[in-house]
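The data block below is structure06.cif; it holds mmCIF, C-alpha atoms.
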data_upload
#
loop_
_atom_site.group_PDB
_atom_site.id
_atom_site.type_symbol
_atom_site.label_atom_id
_atom_site.label_comp_id
_atom_site.auth_asym_id
_atom_site.auth_seq_id
_atom_site.Cartn_x
_atom_site.Cartn_y
_atom_site.Cartn_z
ATOM 1 C CA MET A 26 4.380 -38.584 -9.339
ATOM 2 C CA ASN A 27 6.145 -36.743 -12.144
ATOM 3 C CA LYS A 28 8.089 -33.864 -10.595
ATOM 4 C CA ASN A 29 7.171 -31.575 -13.509
ATOM 5 C CA VAL A 30 3.412 -31.960 -13.171
ATOM 6 C CA ILE A 31 1.161 -29.803 -11.038
ATOM 7 C CA ALA A 32 -1.140 -32.079 -9.057
ATOM 8 C CA LYS A 33 -4.902 -31.873 -9.497
ATOM 9 C CA VAL A 34 -6.480 -32.803 -6.188
ATOM 10 C CA ASP A 35 -10.049 -32.923 -4.900
ATOM 11 C CA TYR A 36 -10.541 -30.997 -1.640
ATOM 12 C CA HIS A 37 -13.400 -33.356 -0.742
ATOM 13 C CA ASP A 38 -10.828 -36.158 -0.442
ATOM 14 C CA PHE A 39 -9.049 -34.284 2.354
ATOM 15 C CA ILE A 40 -12.184 -33.472 4.337
ATOM 16 C CA SER A 41 -13.746 -36.909 3.775
ATOM 17 C CA GLU A 42 -14.066 -39.649 6.373
ATOM 18 C CA ASP A 43 -12.084 -41.976 4.096
ATOM 19 C CA ALA A 44 -8.566 -42.248 5.590
ATOM 20 C CA GLY A 45 -7.138 -43.608 2.335
ATOM 21 C CA LYS A 46 -8.449 -40.691 0.267
ATOM 22 C CA ARG A 47 -7.220 -38.243 2.888
ATOM 23 C CA GLU A 48 -3.696 -39.719 2.926
ATOM 24 C CA LYS A 49 -3.556 -39.786 -0.880
ATOM 25 C CA PHE A 50 -4.595 -36.102 -0.950
ATOM 26 C CA ILE A 51 -1.924 -35.135 1.596
ATOM 27 C CA LYS A 52 0.776 -36.966 -0.370
ATOM 28 C CA GLU A 53 -0.180 -35.621 -3.814
ATOM 29 C CA PHE A 54 -0.827 -32.082 -2.554
ATOM 30 C CA GLY A 55 2.396 -31.985 -0.542
ATOM 31 C CA ASP A 56 4.502 -33.503 -3.336
ATOM 32 C CA SER A 57 3.140 -30.975 -5.799
ATOM 33 C CA PHE A 58 4.065 -28.092 -3.527
ATOM 34 C CA ALA A 59 7.487 -29.583 -2.832
ATOM 35 C CA ASN A 60 8.202 -30.134 -6.537
ATOM 36 C CA MET A 61 6.347 -27.335 -8.314
ATOM 37 C CA GLY A 62 5.174 -24.877 -5.665
ATOM 38 C CA PHE A 63 1.558 -25.199 -6.843
ATOM 39 C CA ALA A 64 -1.428 -27.533 -6.915
ATOM 40 C CA ILE A 65 -4.859 -27.355 -8.540
ATOM 41 C CA VAL A 66 -7.635 -27.896 -6.010
ATOM 42 C CA SER A 67 -11.143 -28.785 -7.158
ATOM 43 C CA ASN A 68 -14.305 -28.735 -5.044
ATOM 44 C CA HIS A 69 -12.886 -25.953 -2.869
ATOM 45 C CA GLY A 70 -16.117 -25.340 -1.003
ATOM 46 C CA VAL A 71 -17.702 -22.499 -2.995
ATOM 47 C CA THR A 72 -20.789 -23.901 -4.703
ATOM 48 C CA GLU A 73 -21.661 -23.169 -8.324
ATOM 49 C CA GLU A 74 -24.676 -21.192 -7.076
ATOM 50 C CA GLU A 75 -22.452 -19.053 -4.813
ATOM 51 C CA LYS A 76 -19.928 -18.537 -7.601
ATOM 52 C CA GLN A 77 -22.634 -17.381 -10.001
ATOM 53 C CA ALA A 78 -24.140 -15.098 -7.326
ATOM 54 C CA LEU A 79 -20.745 -13.499 -6.693
ATOM 55 C CA TYR A 80 -20.075 -13.083 -10.422
ATOM 56 C CA GLY A 81 -23.526 -11.599 -10.917
ATOM 57 C CA VAL A 82 -23.310 -9.052 -8.113
ATOM 58 C CA SER A 83 -19.732 -8.176 -9.147
ATOM 59 C CA GLU A 84 -20.873 -7.526 -12.701
ATOM 60 C CA THR A 85 -23.758 -5.410 -11.425
ATOM 61 C CA PHE A 86 -21.387 -3.370 -9.264
ATOM 62 C CA PHE A 87 -18.818 -2.831 -12.018
ATOM 63 C CA ASN A 88 -21.611 -1.700 -14.370
ATOM 64 C CA LEU A 89 -22.648 1.085 -11.977
ATOM 65 C CA PRO A 90 -21.760 4.652 -12.976
ATOM 66 C CA ASP A 91 -18.258 5.725 -11.925
ATOM 67 C CA GLU A 92 -19.607 8.380 -9.544
ATOM 68 C CA ILE A 93 -21.370 5.668 -7.532
ATOM 69 C CA LYS A 94 -18.428 3.237 -7.549
ATOM 70 C CA LEU A 95 -16.043 5.993 -6.460
ATOM 71 C CA LYS A 96 -18.061 6.477 -3.251
ATOM 72 C CA TYR A 97 -16.563 3.145 -2.183
ATOM 73 C CA HIS A 98 -12.952 4.000 -3.018
ATOM 74 C CA ASP A 99 -11.004 4.908 0.122
ATOM 75 C CA GLN A 100 -7.636 6.353 -0.896
ATOM 76 C CA ASN A 101 -6.442 6.112 2.721
ATOM 77 C CA ASN A 102 -6.431 2.301 2.890
ATOM 78 C CA ALA A 103 -3.910 1.640 0.083
ATOM 79 C CA GLY A 104 -6.453 -0.408 -1.857
ATOM 80 C CA GLN A 105 -6.901 -2.981 0.892
ATOM 81 C CA ARG A 106 -10.702 -2.763 1.030
ATOM 82 C CA GLY A 107 -13.520 -1.623 -1.196
ATOM 83 C CA TYR A 108 -13.363 -0.322 -4.752
ATOM 84 C CA ILE A 109 -10.162 0.484 -6.644
ATOM 85 C CA PRO A 110 -10.669 2.177 -10.036
ATOM 86 C CA LYS A 111 -8.795 1.440 -13.251
ATOM 87 C CA ASN A 112 -5.374 2.981 -13.883
ATOM 88 C CA VAL A 113 -4.514 2.827 -10.172
ATOM 89 C CA GLU A 114 -2.569 -0.429 -9.878
ATOM 90 C CA THR A 115 0.605 -1.049 -11.858
ATOM 91 C CA ALA A 116 2.284 -4.427 -12.142
ATOM 92 C CA LYS A 117 5.658 -4.643 -10.435
ATOM 93 C CA GLY A 118 8.398 -3.376 -12.712
ATOM 94 C CA ARG A 119 5.947 -1.839 -15.208
ATOM 95 C CA LYS A 120 5.258 1.802 -16.050
ATOM 96 C CA VAL A 121 1.760 1.543 -17.478
ATOM 97 C CA ALA A 122 -1.207 1.233 -15.108
ATOM 98 C CA ASP A 123 -3.428 -1.840 -15.466
ATOM 99 C CA LEU A 124 -6.731 -1.539 -17.325
ATOM 100 C CA LYS A 125 -8.720 -3.132 -14.543
ATOM 101 C CA GLU A 126 -10.869 -2.137 -11.633
ATOM 102 C CA PHE A 127 -11.393 -4.313 -8.598
ATOM 103 C CA TYR A 128 -13.126 -4.715 -5.270
ATOM 104 C CA HIS A 129 -11.534 -6.101 -2.102
ATOM 105 C CA ILE A 130 -13.211 -7.833 0.823
ATOM 106 C CA GLY A 131 -11.142 -8.796 3.860
ATOM 107 C CA GLN A 132 -11.742 -10.065 7.371
ATOM 108 C CA GLN A 133 -15.207 -9.197 8.627
ATOM 109 C CA LEU A 134 -14.187 -8.190 12.141
ATOM 110 C CA SER A 135 -15.411 -5.462 14.461
ATOM 111 C CA SER A 136 -13.866 -2.034 13.934
ATOM 112 C CA SER A 137 -11.952 -2.361 17.210
ATOM 113 C CA GLU A 138 -10.558 -5.775 16.192
ATOM 114 C CA ASN A 139 -9.572 -4.391 12.784
ATOM 115 C CA ALA A 140 -7.841 -1.437 14.447
ATOM 116 C CA ALA A 141 -5.953 -3.777 16.780
ATOM 117 C CA MET A 142 -4.831 -5.881 13.797
ATOM 118 C CA GLY A 143 -3.995 -2.822 11.678
ATOM 119 C CA TYR A 144 -6.683 -3.673 9.097
ATOM 120 C CA PRO A 145 -9.125 -1.255 7.506
ATOM 121 C CA ASP A 146 -12.834 -2.005 7.804
ATOM 122 C CA ASN A 147 -14.591 -3.577 4.845
ATOM 123 C CA ILE A 148 -16.477 -1.184 2.605
ATOM 124 C CA PHE A 149 -19.763 -2.307 1.073
ATOM 125 C CA PRO A 150 -22.006 -0.478 -1.395
ATOM 126 C CA ASN A 151 -25.390 0.638 -0.093
ATOM 127 C CA GLU A 152 -26.791 0.049 -3.579
ATOM 128 C CA LEU A 153 -25.998 -3.687 -3.488
ATOM 129 C CA PRO A 154 -26.425 -5.183 0.006
ATOM 130 C CA GLU A 155 -26.153 -8.652 -1.564
ATOM 131 C CA LEU A 156 -22.460 -7.932 -2.316
ATOM 132 C CA GLU A 157 -21.726 -7.980 1.407
ATOM 133 C CA GLU A 158 -23.760 -11.132 1.994
ATOM 134 C CA ILE A 159 -22.270 -13.279 -0.780
ATOM 135 C CA GLY A 160 -18.826 -11.653 -0.616
ATOM 136 C CA VAL A 161 -18.338 -12.380 3.080
ATOM 137 C CA LYS A 162 -19.741 -15.897 2.652
ATOM 138 C CA VAL A 163 -17.291 -16.716 -0.157
ATOM 139 C CA TYR A 164 -14.423 -15.063 1.741
ATOM 140 C CA ARG A 165 -15.113 -17.196 4.818
ATOM 141 C CA THR A 166 -15.445 -20.351 2.733
ATOM 142 C CA PHE A 167 -12.058 -19.748 1.111
ATOM 143 C CA GLU A 168 -10.541 -18.879 4.483
ATOM 144 C CA ASN A 169 -11.756 -22.194 5.897
ATOM 145 C CA THR A 170 -10.535 -24.081 2.829
ATOM 146 C CA GLY A 171 -7.145 -22.397 3.139
ATOM 147 C CA ARG A 172 -6.961 -23.364 6.806
ATOM 148 C CA ASN A 173 -7.658 -26.989 5.890
ATOM 149 C CA LEU A 174 -5.120 -26.955 3.061
ATOM 150 C CA LEU A 175 -2.519 -25.747 5.548
ATOM 151 C CA LYS A 176 -3.507 -28.667 7.782
ATOM 152 C CA ALA A 177 -2.728 -30.972 4.851
ATOM 153 C CA ILE A 178 0.660 -29.275 4.426
ATOM 154 C CA ALA A 179 1.368 -29.596 8.162
ATOM 155 C CA LEU A 180 0.567 -33.305 8.047
ATOM 156 C CA TYR A 181 2.718 -33.730 4.935
ATOM 157 C CA LEU A 182 5.594 -32.096 6.852
ATOM 158 C CA LYS A 183 4.944 -34.434 9.808
ATOM 159 C CA LEU A 184 3.840 -31.533 12.004
ATOM 160 C CA ASP A 185 0.793 -31.313 14.231
ATOM 161 C CA GLU A 186 -2.296 -30.846 12.050
ATOM 162 C CA ASP A 187 -3.079 -27.500 13.715
ATOM 163 C CA TYR A 188 0.484 -26.193 13.489
ATOM 164 C CA PHE A 189 -0.427 -23.229 11.256
ATOM 165 C CA ASN A 190 -3.718 -22.262 12.958
ATOM 166 C CA ASP A 191 -2.314 -19.593 15.272
ATOM 167 C CA LYS A 192 -0.151 -18.208 12.450
ATOM 168 C CA ILE A 193 -3.137 -17.526 10.195
ATOM 169 C CA ALA A 194 -5.771 -16.556 12.775
ATOM 170 C CA LYS A 195 -7.524 -13.408 11.558
ATOM 171 C CA GLY A 196 -5.076 -13.151 8.665
ATOM 172 C CA ASN A 197 -5.119 -10.215 6.265
ATOM 173 C CA SER A 198 -5.998 -12.012 3.050
ATOM 174 C CA VAL A 199 -8.466 -10.459 0.622
ATOM 175 C CA LEU A 200 -11.085 -11.675 -1.814
ATOM 176 C CA ARG A 201 -10.490 -9.713 -5.019
ATOM 177 C CA MET A 202 -13.210 -9.298 -7.602
ATOM 178 C CA LEU A 203 -11.770 -8.051 -10.903
ATOM 179 C CA HIS A 204 -13.127 -6.359 -14.004
ATOM 180 C CA TYR A 205 -10.771 -6.025 -16.977
ATOM 181 C CA PHE A 206 -11.598 -3.437 -19.614
ATOM 182 C CA PRO A 207 -11.516 -4.470 -23.265
ATOM 183 C CA LEU A 208 -8.987 -2.830 -25.556
ATOM 184 C CA GLU A 209 -10.607 -0.921 -28.375
ATOM 185 C CA ASN A 210 -7.924 -2.005 -30.850
ATOM 186 C CA VAL A 211 -4.390 -3.386 -30.972
ATOM 187 C CA ASP A 212 -2.973 0.150 -31.093
ATOM 188 C CA ASP A 213 -4.260 0.630 -27.514
ATOM 189 C CA ILE A 214 -1.725 -1.870 -26.216
ATOM 190 C CA PRO A 215 1.154 0.114 -24.669
ATOM 191 C CA LYS A 216 4.479 -0.542 -26.357
ATOM 192 C CA ASN A 217 6.573 0.081 -23.225
ATOM 193 C CA LEU A 218 5.218 -2.697 -21.039
#
Is it possible to give me this structure as structure tokens?
Amino acid sequence: MNKNVIAKVDYHDFISEDAGKREKFIKEFGDSFANMGFAIVSNHGVTEEEKQALYGVSETFFNLPDEIKLKYHDQNNAGQRGYIPKNVETAKGRKVADLKEFYHIGQQLSSSENAAMGYPDNIFPNELPELEEIGVKVYRTFENTGRNLLKAIALYLKLDEDYFNDKIAKGNSVLRMLHYFPLENVDDIPKNL
């Protein structure tokens, strides 16, 4: 494999019953991480129907009036869960706030488990109960995919396949749905980025 190429691998090859496909996946995925630090993974487990459902409900949420969206912005959780309005987040080393709003979904644990882990509870809009349903489903799918990708890395490193499991159990990753605002004209682009 060319050391300057990011591998494109099919997740189905790793979870398949075909030992040859699985070994090829582990090698290409591991080599890509070793050489480039990245890999492109197709067929990651989220179906096209689920993707479209999540996009649709995200678009519906972001099109709600600001006064409704702001009900789901908790300033006490440092943007870890729920809605975060535009002009709140600033890229590292930059002075101008980003023209985006976003919504975070994290682990769907009980409040007592979240408290023990130091996580805030998820926040879901009453106006769109389907956001919780599809958001948690996609989150859990990606969490499972990530767990399996770490199994591939463990095997590549000649470790036990489950080596990373206890290190990622109930991890604090988030699913981030983003909405970028269009610029009205080129003059709107800050000069001091």
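Taking CA of Glu48 in chain A and CA of Ala64 in chain A as the two end points, the separation is 15.8 Å.
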Could you list, as a PDB file with C-alpha atoms, keeping the file's coordinate frame, every residue within 12 Å of range 108-117 of chain A, counting only C-alpha atoms and ignoring same-chain residues fewer than 4 positions away?
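Okay, out_4.pdb is ready:
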ATOM      1  CA  SER A  83     -19.732  -8.176  -9.147  1.00  0.00           C
ATOM      2  CA  PHE A  86     -21.387  -3.370  -9.264  1.00  0.00           C
ATOM      3  CA  PHE A  87     -18.818  -2.831 -12.018  1.00  0.00           C
ATOM      4  CA  LEU A  89     -22.648   1.085 -11.977  1.00  0.00           C
ATOM      5  CA  PRO A  90     -21.760   4.652 -12.976  1.00  0.00           C
ATOM      6  CA  ASP A  91     -18.258   5.725 -11.925  1.00  0.00           C
ATOM      7  CA  GLU A  92     -19.607   8.380  -9.544  1.00  0.00           C
ATOM      8  CA  ILE A  93     -21.370   5.668  -7.532  1.00  0.00           C
ATOM      9  CA  LYS A  94     -18.428   3.237  -7.549  1.00  0.00           C
ATOM     10  CA  LEU A  95     -16.043   5.993  -6.460  1.00  0.00           C
ATOM     11  CA  LYS A  96     -18.061   6.477  -3.251  1.00  0.00           C
ATOM     12  CA  TYR A  97     -16.563   3.145  -2.183  1.00  0.00           C
ATOM     13  CA  HIS A  98     -12.952   4.000  -3.018  1.00  0.00           C
ATOM     14  CA  ASP A  99     -11.004   4.908   0.122  1.00  0.00           C
ATOM     15  CA  GLN A 100      -7.636   6.353  -0.896  1.00  0.00           C
ATOM     16  CA  ASN A 101      -6.442   6.112   2.721  1.00  0.00           C
ATOM     17  CA  ASN A 102      -6.431   2.301   2.890  1.00  0.00           C
ATOM     18  CA  ALA A 103      -3.910   1.640   0.083  1.00  0.00           C
ATOM     19  CA  GLY A 104      -6.453  -0.408  -1.857  1.00  0.00           C
ATOM     20  CA  VAL A 121       1.760   1.543 -17.478  1.00  0.00           C
ATOM     21  CA  ALA A 122      -1.207   1.233 -15.108  1.00  0.00           C
ATOM     22  CA  ASP A 123      -3.428  -1.840 -15.466  1.00  0.00           C
ATOM     23  CA  LEU A 124      -6.731  -1.539 -17.325  1.00  0.00           C
ATOM     24  CA  LYS A 125      -8.720  -3.132 -14.543  1.00  0.00           C
ATOM     25  CA  GLU A 126     -10.869  -2.137 -11.633  1.00  0.00           C
ATOM     26  CA  PHE A 127     -11.393  -4.313  -8.598  1.00  0.00           C
ATOM     27  CA  TYR A 128     -13.126  -4.715  -5.270  1.00  0.00           C
ATOM     28  CA  HIS A 129     -11.534  -6.101  -2.102  1.00  0.00           C
ATOM     29  CA  ILE A 130     -13.211  -7.833   0.823  1.00  0.00           C
ATOM     30  CA  ASN A 147     -14.591  -3.577   4.845  1.00  0.00           C
ATOM     31  CA  ILE A 148     -16.477  -1.184   2.605  1.00  0.00           C
ATOM     32  CA  PHE A 149     -19.763  -2.307   1.073  1.00  0.00           C
ATOM     33  CA  PRO A 150     -22.006  -0.478  -1.395  1.00  0.00           C
ATOM     34  CA  LEU A 200     -11.085 -11.675  -1.814  1.00  0.00           C
ATOM     35  CA  ARG A 201     -10.490  -9.713  -5.019  1.00  0.00           C
ATOM     36  CA  MET A 202     -13.210  -9.298  -7.602  1.00  0.00           C
ATOM     37  CA  LEU A 203     -11.770  -8.051 -10.903  1.00  0.00           C
ATOM     38  CA  HIS A 204     -13.127  -6.359 -14.004  1.00  0.00           C
ATOM     39  CA  TYR A 205     -10.771  -6.025 -16.977  1.00  0.00           C
ATOM     40  CA  PHE A 206     -11.598  -3.437 -19.614  1.00  0.00           C
ATOM     41  CA  PRO A 207     -11.516  -4.470 -23.265  1.00  0.00           C
ATOM     42  CA  LEU A 218       5.218  -2.697 -21.039  1.00  0.00           C
TER      43      LEU A 218
END
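When all atoms listed in the file are used to compute distances to Gly55 in chain A, the closest of the residues A:Leu184, A:Ala194, A:Ile40, A:Ala177 turns out to be A:Ala177.
Distance check against Gly81 in chain A using all atoms listed in the file: of A:Glu42, A:Glu155, A:Asp35, A:Asp146, the minimum falls on A:Glu155.
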Q: May I have the residues at most 12 Å from (-17.1, -15.3, -4.8) in the file's coordinates, counting all atoms listed in the file, as a PyMOL selection string?
A: chain A and resi 69-84+128-130+155-168+199-203
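Distances to Arg172 in chain A were evaluated for A:Ile65, A:Ala59, A:Ile193, A:Ile51 using all atoms listed in the file, and the minimum falls at A:Ile193.
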Q. Looking at A:Asn68, A:Tyr144, A:Ser137, A:Phe63, which one is nearest to Ser198 in chain A, with distances taken over only C-alpha atoms?
A. A:Tyr144
Q. Of the candidates A:Gln132, A:Phe54, A:Lys120, A:Lys46, which shows the shortest atom-to-atom distance to Leu180 in chain A, using all atoms listed in the file?
A. A:Phe54
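Rounded to one decimal, CA of Pro145 in chain A and CA of Gln105 in chain A lie 7.2 Å from each other.
Note that CA of Glu53 in chain A and CA of Tyr36 in chain A are 11.6 Å apart.
Across A:Asn139, A:Thr170, A:Ser57, A:Asn151, the tightest approach to Asn29 in chain A is made by A:Ser57 when counting only C-alpha atoms.
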